[in-house]
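What's in upload.cif: mmCIF, C-alpha atoms
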data_model
loop_
_atom_site.label_atom_id
_atom_site.label_comp_id
_atom_site.auth_asym_id
_atom_site.auth_seq_id
_atom_site.Cartn_x
_atom_site.Cartn_y
_atom_site.Cartn_z
CA GLN X 8 10.59 -1.91 12.86
CA ILE X 9 7.69 0.51 13.40
CA PHE X 10 5.34 -2.22 12.23
CA LEU X 11 6.92 -5.09 14.14
CA GLU X 12 7.67 -3.69 17.58
CA LYS X 13 4.77 -4.01 19.97
CA PHE X 14 5.20 -0.50 21.35
CA ASN X 15 7.28 1.64 18.99
CA PRO X 16 7.73 5.26 20.15
CA GLU X 17 6.54 6.65 16.80
CA VAL X 18 3.12 5.08 17.27
CA ILE X 19 0.57 7.44 18.83
CA LEU X 20 -2.54 5.30 18.63
CA SER X 21 -2.86 1.62 17.79
CA PHE X 22 -5.28 -1.25 18.14
CA ASN X 23 -3.81 -3.81 20.52
CA ILE X 24 -3.58 -7.34 19.14
CA ASN X 25 -2.56 -10.44 21.03
CA ALA X 26 -1.66 -13.83 19.68
CA THR X 27 -4.07 -15.84 21.82
CA ARG X 28 -7.11 -17.70 20.59
CA ASN X 29 -10.51 -16.10 21.06
CA PRO X 30 -13.57 -18.05 22.33
CA SER X 31 -14.40 -19.24 18.80
CA GLY X 32 -11.03 -20.95 18.59
CA SER X 33 -9.51 -18.62 15.97
CA PHE X 34 -6.75 -16.09 16.48
CA GLU X 35 -7.26 -12.35 16.75
CA SER X 36 -4.71 -11.90 13.98
CA ARG X 37 -3.10 -14.23 11.47
CA LEU X 38 -1.38 -11.43 9.63
CA ASN X 39 1.73 -13.40 8.70
CA VAL X 40 -0.25 -16.14 6.99
CA LEU X 41 -2.72 -13.70 5.42
CA ILE X 42 -0.04 -11.66 3.67
CA GLY X 43 2.55 -14.42 3.26
CA PRO X 44 3.38 -15.91 -0.18
CA ASN X 45 2.25 -19.39 -1.16
CA GLY X 46 5.83 -20.66 -1.35
CA HIS X 47 5.91 -20.31 2.43
CA HIS X 48 2.33 -21.61 2.85
CA GLY X 49 0.89 -18.12 3.11
CA TRP X 50 -2.51 -17.17 1.71
CA SER X 51 -1.66 -14.03 -0.36
CA ALA X 52 -4.95 -12.54 0.83
CA TYR X 53 -3.78 -8.94 0.28
CA THR X 54 -1.42 -8.20 -2.60
CA PRO X 55 0.04 -5.02 -4.11
CA SER X 56 -0.92 -4.11 -7.66
CA GLN X 57 1.45 -3.18 -10.46
CA SER X 58 -0.22 0.24 -10.42
CA LEU X 59 0.97 0.78 -6.85
CA VAL X 60 4.45 -0.55 -7.60
CA ASP X 61 4.78 1.97 -10.44
CA GLN X 62 4.07 4.81 -8.02
CA PHE X 63 7.25 4.21 -6.02
CA PRO X 64 9.81 6.72 -7.34
CA MET X 65 13.43 6.04 -8.13
CA LYS X 66 16.04 6.69 -5.44
CA ASN X 67 16.87 9.98 -7.16
CA GLY X 68 13.31 11.17 -6.56
CA LYS X 69 12.08 10.93 -10.16
CA MET X 70 9.07 8.87 -11.22
CA ILE X 71 9.87 5.85 -13.39
CA THR X 72 8.34 7.59 -16.44
CA GLU X 73 10.38 10.79 -16.00
CA GLU X 74 13.30 11.59 -18.24
CA GLY X 75 16.56 11.03 -16.41
CA SER X 76 15.02 8.72 -13.81
CA GLY X 77 17.39 5.87 -14.66
CA TYR X 78 14.54 3.36 -14.69
CA ASP X 79 15.51 0.15 -16.49
CA GLU X 80 12.55 -1.87 -17.78
CA ASN X 81 14.78 -4.96 -17.76
CA ASN X 82 15.62 -4.42 -14.08
CA PRO X 83 12.49 -2.65 -12.84
CA TYR X 84 13.15 -3.07 -9.11
CA GLU X 85 16.60 -1.51 -8.98
CA ASN X 86 17.34 1.88 -7.37
CA ARG X 87 13.83 2.56 -6.11
CA ASP X 88 12.70 4.59 -3.10
CA PRO X 89 13.95 2.59 -0.04
CA ARG X 90 10.37 2.25 1.18
CA PHE X 91 9.65 0.08 -1.85
CA TYR X 92 11.95 -2.59 -0.43
CA ALA X 93 10.36 -2.30 3.01
CA ASP X 94 6.80 -2.54 1.67
CA ILE X 95 6.78 -4.82 -1.38
CA LEU X 96 7.83 -8.41 -1.94
CA TYR X 97 8.99 -8.48 -5.56
CA ASN X 98 10.64 -11.15 -7.67
CA GLY X 99 14.20 -11.65 -6.43
CA ALA X 100 13.72 -9.99 -3.04
CA GLU X 101 15.35 -11.88 -0.16
CA PHE X 102 12.63 -13.25 2.10
CA ARG X 103 12.90 -15.87 4.82
CA GLY X 104 16.21 -17.29 3.67
CA ARG X 105 15.72 -17.33 -0.09
CA PRO X 106 14.73 -15.09 -3.02
CA TYR X 107 11.01 -14.52 -3.53
CA GLU X 108 10.13 -16.29 -6.80
CA SER X 109 7.01 -14.96 -8.50
CA PHE X 110 8.29 -15.77 -12.00
CA VAL X 111 6.35 -18.39 -13.98
CA GLY X 112 7.08 -21.75 -12.35
CA GLY X 113 8.77 -20.17 -9.31
CA LEU X 114 8.21 -21.23 -5.71
CA ASP X 115 5.89 -18.26 -5.11
CA SER X 116 4.06 -18.36 -8.44
CA PRO X 117 0.64 -19.76 -9.40
CA GLN X 118 2.56 -22.80 -10.75
CA SER X 119 4.47 -23.31 -7.49
CA PRO X 120 5.47 -26.90 -6.62
CA VAL X 121 4.93 -25.94 -2.96
CA GLU X 122 1.29 -24.78 -3.17
CA ASN X 123 -0.49 -23.47 -6.26
CA TRP X 124 -3.92 -22.47 -4.92
CA ASN X 125 -2.98 -19.39 -2.94
CA ALA X 126 -0.48 -17.47 -5.03
CA SER X 127 -0.57 -13.72 -5.53
CA LEU X 128 -2.62 -12.79 -8.58
CA THR X 129 -0.52 -9.68 -9.24
CA GLY X 130 3.03 -11.05 -8.92
CA TYR X 131 3.71 -9.28 -5.61
CA ASN X 132 3.12 -9.79 -1.89
CA TRP X 133 3.21 -7.52 1.14
CA ARG X 134 6.55 -7.04 2.90
CA LYS X 135 5.36 -4.40 5.32
CA TYR X 136 4.04 -5.88 8.58
CA SER X 137 5.55 -9.32 7.83
CA ASN X 138 7.29 -10.56 10.97
CA ASP X 139 10.11 -12.93 9.99
CA ALA X 140 10.67 -13.86 13.63
CA LEU X 141 7.43 -15.84 13.51
CA PRO X 142 6.67 -18.73 11.15
CA ILE X 143 4.02 -18.40 8.47
CA ASP X 144 1.60 -20.83 10.05
CA GLU X 145 -2.18 -20.63 10.25
CA ASN X 146 -1.98 -22.23 13.71
CA ILE X 147 0.20 -19.44 15.12
CA GLY X 148 -1.25 -16.01 15.77
CA THR X 149 0.64 -12.73 15.42
CA ASP X 150 0.61 -9.88 17.91
CA GLN X 151 1.63 -6.83 15.88
CA ASN X 152 -0.58 -3.93 16.84
CA TRP X 153 -2.60 -2.33 14.04
CA ILE X 154 -1.29 1.22 13.75
CA ILE X 155 -4.02 3.85 13.55
CA PHE X 156 -2.00 7.04 13.97
CA ARG X 157 1.76 7.57 13.95
CA TYR X 158 4.12 10.51 14.08
CA ALA X 159 4.98 10.61 10.37
CA GLU X 160 1.31 11.19 9.61
CA ILE X 161 1.36 14.31 11.79
CA TYR X 162 4.15 15.72 9.61
CA LEU X 163 2.27 14.87 6.43
CA ASN X 164 -1.00 16.30 7.77
CA TYR X 165 0.82 19.48 8.74
CA ALA X 166 2.56 19.74 5.38
CA GLU X 167 -0.76 19.45 3.58
CA ALA X 168 -2.46 21.98 5.86
CA ALA X 169 0.43 24.43 5.41
CA TYR X 170 0.20 24.09 1.63
CA GLU X 171 -3.56 24.71 1.64
CA THR X 172 -3.06 27.90 3.66
CA GLY X 173 -0.40 29.19 1.27
CA ASP X 174 2.67 28.49 3.43
CA GLU X 175 4.70 26.47 0.96
CA ALA X 176 7.98 26.80 2.87
CA THR X 177 6.49 25.09 5.91
CA ALA X 178 4.83 22.49 3.70
CA ARG X 179 8.18 21.59 2.12
CA LYS X 180 9.91 21.54 5.52
CA TYR X 181 7.61 18.93 7.04
CA LEU X 182 7.33 16.93 3.85
CA ASN X 183 11.11 16.70 3.70
CA LEU X 184 11.39 15.77 7.37
CA VAL X 185 9.59 12.55 6.49
CA ARG X 186 11.72 11.95 3.39
CA SER X 187 15.10 12.79 4.96
CA ARG X 188 15.14 10.42 7.91
CA THR X 189 18.08 8.03 7.98
CA SER X 190 16.22 4.93 6.86
CA VAL X 191 14.72 6.70 3.83
CA GLY X 192 17.13 9.38 2.63
CA MET X 193 15.13 10.59 -0.36
CA PRO X 194 16.07 13.92 -1.99
CA ASP X 195 14.34 17.05 -0.71
CA VAL X 196 11.28 18.24 -2.58
CA THR X 197 11.87 21.76 -3.92
CA ALA X 198 8.66 22.08 -5.96
CA SER X 199 6.04 24.78 -5.55
CA GLY X 200 2.43 25.29 -6.60
CA ASN X 201 0.55 22.32 -7.99
CA GLU X 202 3.74 20.26 -8.23
CA LEU X 203 4.18 20.60 -4.46
CA SER X 204 0.58 19.52 -3.91
CA GLU X 205 1.16 16.44 -6.06
CA ALA X 206 4.37 15.66 -4.17
CA ILE X 207 2.48 15.73 -0.85
CA LYS X 208 -0.19 13.39 -2.22
CA LEU X 209 2.42 10.98 -3.55
CA GLU X 210 4.33 11.04 -0.26
CA ARG X 211 1.19 10.02 1.62
CA GLN X 212 0.62 7.15 -0.82
CA ILE X 213 4.18 5.86 -0.37
CA GLU X 214 4.82 6.57 3.31
CA LEU X 215 1.41 5.35 4.51
CA CYS X 216 1.22 2.42 2.12
CA PHE X 217 -1.07 -0.41 3.39
CA GLU X 218 -2.06 1.61 6.45
CA GLY X 219 -5.64 2.33 5.40
CA HIS X 220 -5.33 5.99 4.33
CA ARG X 221 -5.41 5.93 0.54
CA PHE X 222 -9.10 4.96 0.29
CA PHE X 223 -10.06 8.10 2.20
CA ASP X 224 -7.38 10.41 0.78
CA VAL X 225 -8.47 10.10 -2.86
CA ARG X 226 -12.08 10.74 -1.85
CA ARG X 227 -11.44 13.81 0.28
CA TRP X 228 -9.16 15.22 -2.43
CA LYS X 229 -11.92 14.44 -4.96
CA ILE X 230 -9.47 12.72 -7.30
CA ALA X 231 -11.02 9.25 -7.10
CA MET X 232 -12.67 9.70 -10.51
CA GLU X 233 -9.13 9.71 -11.90
CA THR X 234 -7.24 7.36 -9.58
CA GLU X 235 -9.91 4.69 -9.13
CA ASN X 236 -11.05 4.53 -12.76
CA ARG X 237 -7.92 2.71 -13.79
CA PRO X 238 -7.62 -1.05 -14.28
CA LEU X 239 -5.92 -3.17 -11.65
CA ARG X 240 -2.69 -4.46 -13.18
CA GLY X 241 -0.30 -7.28 -12.48
CA VAL X 242 3.00 -8.57 -13.86
CA THR X 243 3.98 -11.82 -15.59
CA ILE X 244 7.67 -12.60 -15.17
CA GLU X 245 9.40 -15.28 -17.22
CA LYS X 246 12.84 -16.64 -16.56
CA LYS X 247 15.08 -16.58 -19.64
CA PRO X 248 17.11 -19.73 -20.45
CA SER X 249 20.18 -17.53 -20.73
CA GLY X 250 19.55 -15.91 -17.36
CA GLY X 251 17.64 -12.83 -16.30
CA PHE X 252 13.92 -12.20 -16.62
CA SER X 253 11.41 -10.70 -19.01
CA TYR X 254 8.44 -8.67 -17.78
CA SER X 255 5.00 -8.22 -19.29
CA TYR X 256 2.02 -6.52 -17.73
CA PHE X 257 -1.65 -7.42 -17.82
CA ILE X 258 -5.01 -6.16 -16.65
CA LEU X 259 -6.26 -8.30 -13.80
CA GLN X 260 -9.49 -6.43 -13.20
CA ASP X 261 -11.27 -3.41 -14.63
CA ARG X 262 -12.22 -0.83 -12.01
CA LYS X 263 -15.05 1.69 -12.18
CA PHE X 264 -15.66 4.66 -9.89
CA GLU X 265 -18.64 6.92 -10.52
CA GLU X 266 -19.17 10.36 -9.05
CA ARG X 267 -21.96 9.06 -6.84
CA ASN X 268 -19.44 6.74 -5.17
CA TYR X 269 -18.13 9.70 -3.21
CA TRP X 270 -21.21 9.19 -1.03
CA TYR X 271 -23.22 6.28 0.24
CA PRO X 272 -26.95 6.16 -0.40
CA ILE X 273 -29.17 7.10 2.52
CA PRO X 274 -31.02 3.89 3.51
CA LYS X 275 -34.66 3.75 2.49
CA TYR X 276 -35.80 3.17 6.06
CA GLU X 277 -34.20 6.51 7.01
CA MET X 278 -35.85 8.22 4.05
CA ASP X 279 -39.20 6.74 5.15
CA LYS X 280 -38.74 8.14 8.66
CA ASN X 281 -38.16 11.71 7.48
CA GLU X 282 -39.80 13.05 4.35
CA ASN X 283 -37.53 16.11 4.44
CA LEU X 284 -34.43 14.03 3.72
CA GLU X 285 -33.03 14.25 0.20
CA GLN X 286 -31.29 11.25 -1.27
CA ASN X 287 -27.62 11.69 -2.14
CA PRO X 288 -26.90 12.51 -5.79
CA GLN X 289 -27.43 9.82 -8.45
CA TYR X 290 -29.03 7.28 -6.13
#
What would you get if you wrote out this structure as structure tokens?
Amino acid sequence: QIFLEKFNPEVILSFNINATRNPSGSFESRLNVLIGPNGHHGWSAYTPSQSLVDQFPMKNGKMITEEGSGYDENNPYENRDPRFYADILYNGAEFRGRPYESFVGGLDSPQSPVENWNASLTGYNWRKYSNDALPIDENIGTDQNWIIFRYAEIYLNYAEAAYETGDEATARKYLNLVRSRTSVGMPDVTASGNELSEAIKLERQIELCFEGHRFFDVRRWKIAMETENRPLRGVTIEKKPSGGFSYSYFILQDRKFEERNYWYPIPKYEMDKNENLEQNPQY
């Protein structure tokens, strides 16, 4: 409800949106239609990747590749971190009165009999921010405020700062305050050292999913050469005649991040103004 209520008490700073038309005749926000699946006449403008989906841990706190996680490749969406179900529309998820169907030939697939031009290319859609109380209609604006800063981020910022100053006990405390709230209920993190650092980074990726932080986080941590040099992946789901589904994964787009991408180039007109300026590396 944090992302649907106009003024939720967890929100510290947000950009106010209203559902009225602006002078050009368009709406300030058409979020529902932008993120909605094609089976409901949405545009699938922003879609989660398989790479992101794989980052959501299991309910027991283990990553899907960890021994003892309980991950079932034949039922990949079972027993995941509760935030997975709040953030991601996946095949079989209940959405607007029916299951979301991204399997080949499904109502929300590229072969949809409803609309086939605006399907998700990855096999997933956003769930977070989707307001089911409003129809998915390009002629109806949405008024959810864009959240810039909320209370959970304060905890995560503090946990990271505590870790960097050597206070691991405080880091774990505030990390686990985010994980232990009633609607999440994930196991406490007990790790230390580099494992604790990685747990904080993962928690930010999951908790702040689709909120505009990840782009900056991987750059300030200087891990973008690793995280952004991976291909963008999607899933193909086929319905078996006998029931159930089979899953195969594909590369939708290769991604490349070079070290120089940590900086922007200084514009030539600025360089021309001041001969003492030095261009950023590798430009």
| request: Starting from the displayed file, determine the output of the PyMOL selection byres ((chain X and resi 254) around 9) and express the residue list as a list in words. | output: Glu80, Asn81, Pro83, Val242, Thr243, Ile244, Glu245, Phe252, Ser253, Ser255 and Tyr256 of chain X
| request: Considering only C-alpha atoms, return as a PyMOL selection string whatever protein or nucleic-acid residues lie within 10 Å of stretch 150-159 of chain X, sequence-local ones (same chain, fewer than 4 positions apart) excluded. | output: chain X and resi 9-27+34-39+136-138+163-165+181-182+184-186+211+214-215+218-220
Residues of stretch 48-139 of chain X within 10 Å of stretch 257-271 of chain X: nearest atom pair and distance (Å, one decimal) for each, counting all atoms listed in the file, sorted by chain and number, as a tab-separated table?
residue	atom	partner	partner_atom	distance
X:Ser56	CA	X:Leu259	CA	9.2
X:Gln57	CA	X:Phe257	CA	9.0
X:Leu128	CA	X:Leu259	CA	7.8
X:Thr129	CA	X:Leu259	CA	7.5
| field | Reference answer for the PyMOL selection byres ((chain X and resi 235) around 10), as a list of chain:residue names | value |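 Against this file, the PyMOL selection byres ((chain X and resi 235) around 10) returns the residues X:Phe222, X:Val225, X:Arg226, X:Ile230, X:Ala231, X:Met232, X:Glu233, X:Thr234, X:Asn236, X:Arg237, X:Pro238, X:Leu239, X:Asp261, X:Arg262, X:Lys263, X:Phe264, X:Glu265.
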| query | Exactly which residues make up the result of the PyMOL selection byres ((chain X and resi 144) around 9) on this file, given as a ChimeraX atom specification? | reply | /X:37,39-40,47-49,141-143,145-148
| Between atom CA of X:Phe110 and atom CA of X:Glu85, what is the distance, to one decimal in Å? | 16.8 Å
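Atom pair atom CA of X:Asp139 / atom CA of X:Pro64: separated by 26.2 Å.
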| What gap, in Å, lies between atom CA of X:Pro89 and atom CA of X:Asn183? |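 So the two atoms, atom CA of X:Pro89 and atom CA of X:Asn183, lie 14.9 Å apart.
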| Nearest to X:Lys275 by atom-to-atom distance, counting all atoms listed in the file, from X:Glu108, X:Ala178, X:Asn287, X:Ser199 |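 Selected residue with least distance to X:Lys275: X:Asn287.
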| message | Using only C-alpha atoms, can you tell me which of X:Ser116, X:Asn201, X:Thr54, X:Asn283 comes closest to X:Trp133? | response | X:Thr54
| Which one is closest to X:Glu210: X:Glu122, X:Glu73, X:Glu277, X:Asp88? Count only C-alpha atoms. |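 Of X:Glu122, X:Glu73, X:Glu277, X:Asp88, the one nearest X:Glu210 is X:Asp88, counting only C-alpha atoms.
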| query | With all atoms listed in the file as the basis for distance, which of X:Ser249, X:Gln289, X:Ser119, X:Gln212 is at the shortest distance from X:Ser58? | reply |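 Ranking X:Ser249, X:Gln289, X:Ser119, X:Gln212 by distance to X:Ser58, first place goes to X:Gln212.
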| field | For X:Gly46, the nearest of the candidates X:Asp115, X:Asp61, X:Glu285, X:Glu202, counting all atoms listed in the file | value |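 Nearest candidate to X:Gly46 out of X:Asp115, X:Asp61, X:Glu285, X:Glu202: X:Asp115.
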| said: Can you tell me which residues surround stretch 91-94 of chain X at a distance of at most 7 Å, considering only C-alpha atoms, apart from same-chain residues fewer than 5 positions away, and format the answer as a PyMOL selection string? | reply: chain X and resi 63+133-135
| remark: Across X:Arg103, X:Gly68, X:Gln8, X:Asn98, the smallest distance to X:Ser187, with only C-alpha atoms counted, is shown by X:Gly68
Kindly complete stretch 109-143 of chain X to N, CA and C atoms; the output should be written as a PDB file, in the coordinates of the input.
ATOM      1  N   SER X 109       8.342 -15.074  -7.902  1.00  0.00           N
ATOM      2  CA  SER X 109       7.010 -14.960  -8.500  1.00  0.00           C
ATOM      3  C   SER X 109       7.033 -15.170 -10.008  1.00  0.00           C
ATOM      4  N   PHE X 110       8.222 -15.490 -10.562  1.00  0.00           N
ATOM      5  CA  PHE X 110       8.290 -15.770 -12.000  1.00  0.00           C
ATOM      6  C   PHE X 110       7.529 -17.058 -12.313  1.00  0.00           C
ATOM      7  N   VAL X 111       7.131 -17.220 -13.559  1.00  0.00           N
ATOM      8  CA  VAL X 111       6.350 -18.390 -13.980  1.00  0.00           C
ATOM      9  C   VAL X 111       7.102 -19.665 -13.598  1.00  0.00           C
ATOM     10  N   GLY X 112       6.459 -20.517 -12.793  1.00  0.00           N
ATOM     11  CA  GLY X 112       7.080 -21.750 -12.350  1.00  0.00           C
ATOM     12  C   GLY X 112       7.872 -21.623 -11.064  1.00  0.00           C
ATOM     13  N   GLY X 113       7.999 -20.398 -10.531  1.00  0.00           N
ATOM     14  CA  GLY X 113       8.770 -20.170  -9.310  1.00  0.00           C
ATOM     15  C   GLY X 113       8.048 -20.675  -8.064  1.00  0.00           C
ATOM     16  N   LEU X 114       8.764 -20.693  -6.957  1.00  0.00           N
ATOM     17  CA  LEU X 114       8.210 -21.230  -5.710  1.00  0.00           C
ATOM     18  C   LEU X 114       7.034 -20.410  -5.194  1.00  0.00           C
ATOM     19  N   ASP X 115       6.961 -19.137  -5.592  1.00  0.00           N
ATOM     20  CA  ASP X 115       5.890 -18.260  -5.110  1.00  0.00           C
ATOM     21  C   ASP X 115       4.952 -17.849  -6.244  1.00  0.00           C
ATOM     22  N   SER X 116       4.883 -18.654  -7.273  1.00  0.00           N
ATOM     23  CA  SER X 116       4.060 -18.360  -8.440  1.00  0.00           C
ATOM     24  C   SER X 116       2.785 -19.200  -8.419  1.00  0.00           C
ATOM     25  N   PRO X 117       1.839 -18.908  -9.306  1.00  0.00           N
ATOM     26  CA  PRO X 117       0.640 -19.760  -9.400  1.00  0.00           C
ATOM     27  C   PRO X 117       0.963 -21.195  -9.816  1.00  0.00           C
ATOM     28  N   GLN X 118       2.167 -21.447 -10.343  1.00  0.00           N
ATOM     29  CA  GLN X 118       2.560 -22.800 -10.750  1.00  0.00           C
ATOM     30  C   GLN X 118       3.499 -23.438  -9.718  1.00  0.00           C
ATOM     31  N   SER X 119       3.518 -22.881  -8.513  1.00  0.00           N
ATOM     32  CA  SER X 119       4.470 -23.310  -7.490  1.00  0.00           C
ATOM     33  C   SER X 119       4.361 -24.803  -7.181  1.00  0.00           C
ATOM     34  N   PRO X 120       5.499 -25.499  -7.060  1.00  0.00           N
ATOM     35  CA  PRO X 120       5.470 -26.900  -6.620  1.00  0.00           C
ATOM     36  C   PRO X 120       5.181 -27.034  -5.125  1.00  0.00           C
ATOM     37  N   VAL X 121       5.222 -25.913  -4.392  1.00  0.00           N
ATOM     38  CA  VAL X 121       4.930 -25.940  -2.960  1.00  0.00           C
ATOM     39  C   VAL X 121       3.429 -25.944  -2.733  1.00  0.00           C
ATOM     40  N   GLU X 122       2.750 -24.899  -3.211  1.00  0.00           N
ATOM     41  CA  GLU X 122       1.290 -24.780  -3.170  1.00  0.00           C
ATOM     42  C   GLU X 122       0.886 -23.890  -4.337  1.00  0.00           C
ATOM     43  N   ASN X 123      -0.133 -24.274  -5.080  1.00  0.00           N
ATOM     44  CA  ASN X 123      -0.490 -23.470  -6.260  1.00  0.00           C
ATOM     45  C   ASN X 123      -1.868 -22.840  -6.163  1.00  0.00           C
ATOM     46  N   TRP X 124      -2.537 -22.988  -5.023  1.00  0.00           N
ATOM     47  CA  TRP X 124      -3.920 -22.470  -4.920  1.00  0.00           C
ATOM     48  C   TRP X 124      -3.996 -21.087  -4.303  1.00  0.00           C
ATOM     49  N   ASN X 125      -2.921 -20.619  -3.723  1.00  0.00           N
ATOM     50  CA  ASN X 125      -2.980 -19.390  -2.940  1.00  0.00           C
ATOM     51  C   ASN X 125      -1.901 -18.389  -3.319  1.00  0.00           C
ATOM     52  N   ALA X 126      -1.517 -18.397  -4.579  1.00  0.00           N
ATOM     53  CA  ALA X 126      -0.480 -17.470  -5.030  1.00  0.00           C
ATOM     54  C   ALA X 126      -1.055 -16.070  -5.242  1.00  0.00           C
ATOM     55  N   SER X 127      -0.174 -15.087  -5.190  1.00  0.00           N
ATOM     56  CA  SER X 127      -0.570 -13.720  -5.530  1.00  0.00           C
ATOM     57  C   SER X 127      -1.039 -13.663  -6.976  1.00  0.00           C
ATOM     58  N   LEU X 128      -2.111 -12.951  -7.218  1.00  0.00           N
ATOM     59  CA  LEU X 128      -2.620 -12.790  -8.580  1.00  0.00           C
ATOM     60  C   LEU X 128      -1.921 -11.660  -9.327  1.00  0.00           C
ATOM     61  N   THR X 129      -1.153 -10.838  -8.608  1.00  0.00           N
ATOM     62  CA  THR X 129      -0.520  -9.680  -9.240  1.00  0.00           C
ATOM     63  C   THR X 129       0.978  -9.854  -9.459  1.00  0.00           C
ATOM     64  N   GLY X 130       1.580 -10.870  -8.826  1.00  0.00           N
ATOM     65  CA  GLY X 130       3.030 -11.050  -8.920  1.00  0.00           C
ATOM     66  C   GLY X 130       3.793 -10.422  -7.780  1.00  0.00           C
ATOM     67  N   TYR X 131       3.080  -9.916  -6.767  1.00  0.00           N
ATOM     68  CA  TYR X 131       3.710  -9.280  -5.610  1.00  0.00           C
ATOM     69  C   TYR X 131       2.997  -9.714  -4.331  1.00  0.00           C
ATOM     70  N   ASN X 132       3.716  -9.615  -3.220  1.00  0.00           N
ATOM     71  CA  ASN X 132       3.120  -9.790  -1.890  1.00  0.00           C
ATOM     72  C   ASN X 132       3.513  -8.630  -1.000  1.00  0.00           C
ATOM     73  N   TRP X 133       2.837  -8.522   0.138  1.00  0.00           N
ATOM     74  CA  TRP X 133       3.210  -7.520   1.140  1.00  0.00           C
ATOM     75  C   TRP X 133       4.545  -7.895   1.781  1.00  0.00           C
ATOM     76  N   ARG X 134       5.373  -6.900   2.020  1.00  0.00           N
ATOM     77  CA  ARG X 134       6.550  -7.040   2.900  1.00  0.00           C
ATOM     78  C   ARG X 134       6.293  -6.332   4.214  1.00  0.00           C
ATOM     79  N   LYS X 135       5.676  -5.175   4.119  1.00  0.00           N
ATOM     80  CA  LYS X 135       5.360  -4.400   5.320  1.00  0.00           C
ATOM     81  C   LYS X 135       4.484  -5.239   6.254  1.00  0.00           C
ATOM     82  N   TYR X 136       4.769  -5.163   7.528  1.00  0.00           N
ATOM     83  CA  TYR X 136       4.040  -5.880   8.580  1.00  0.00           C
ATOM     84  C   TYR X 136       4.438  -7.355   8.693  1.00  0.00           C
ATOM     85  N   SER X 137       5.184  -7.897   7.755  1.00  0.00           N
ATOM     86  CA  SER X 137       5.550  -9.320   7.830  1.00  0.00           C
ATOM     87  C   SER X 137       6.639  -9.513   8.875  1.00  0.00           C
ATOM     88  N   ASN X 138       6.373 -10.343   9.853  1.00  0.00           N
ATOM     89  CA  ASN X 138       7.290 -10.560  10.970  1.00  0.00           C
ATOM     90  C   ASN X 138       8.057 -11.860  10.743  1.00  0.00           C
ATOM     91  N   ASP X 139       9.310 -11.750  10.313  1.00  0.00           N
ATOM     92  CA  ASP X 139      10.110 -12.930   9.990  1.00  0.00           C
ATOM     93  C   ASP X 139      10.501 -13.730  11.228  1.00  0.00           C
ATOM     94  N   ALA X 140      10.340 -13.143  12.399  1.00  0.00           N
ATOM     95  CA  ALA X 140      10.670 -13.860  13.630  1.00  0.00           C
ATOM     96  C   ALA X 140       9.639 -14.939  13.947  1.00  0.00           C
ATOM     97  N   LEU X 141       8.485 -14.857  13.303  1.00  0.00           N
ATOM     98  CA  LEU X 141       7.430 -15.840  13.510  1.00  0.00           C
ATOM     99  C   LEU X 141       7.232 -16.648  12.240  1.00  0.00           C
ATOM    100  N   PRO X 142       6.923 -17.934  12.355  1.00  0.00           N
ATOM    101  CA  PRO X 142       6.670 -18.730  11.150  1.00  0.00           C
ATOM    102  C   PRO X 142       5.366 -18.325  10.482  1.00  0.00           C
ATOM    103  N   ILE X 143       5.287 -18.585   9.181  1.00  0.00           N
ATOM    104  CA  ILE X 143       4.020 -18.400   8.470  1.00  0.00           C
ATOM    105  C   ILE X 143       3.223 -19.683   8.675  1.00  0.00           C
TER     106      ILE X 143
END
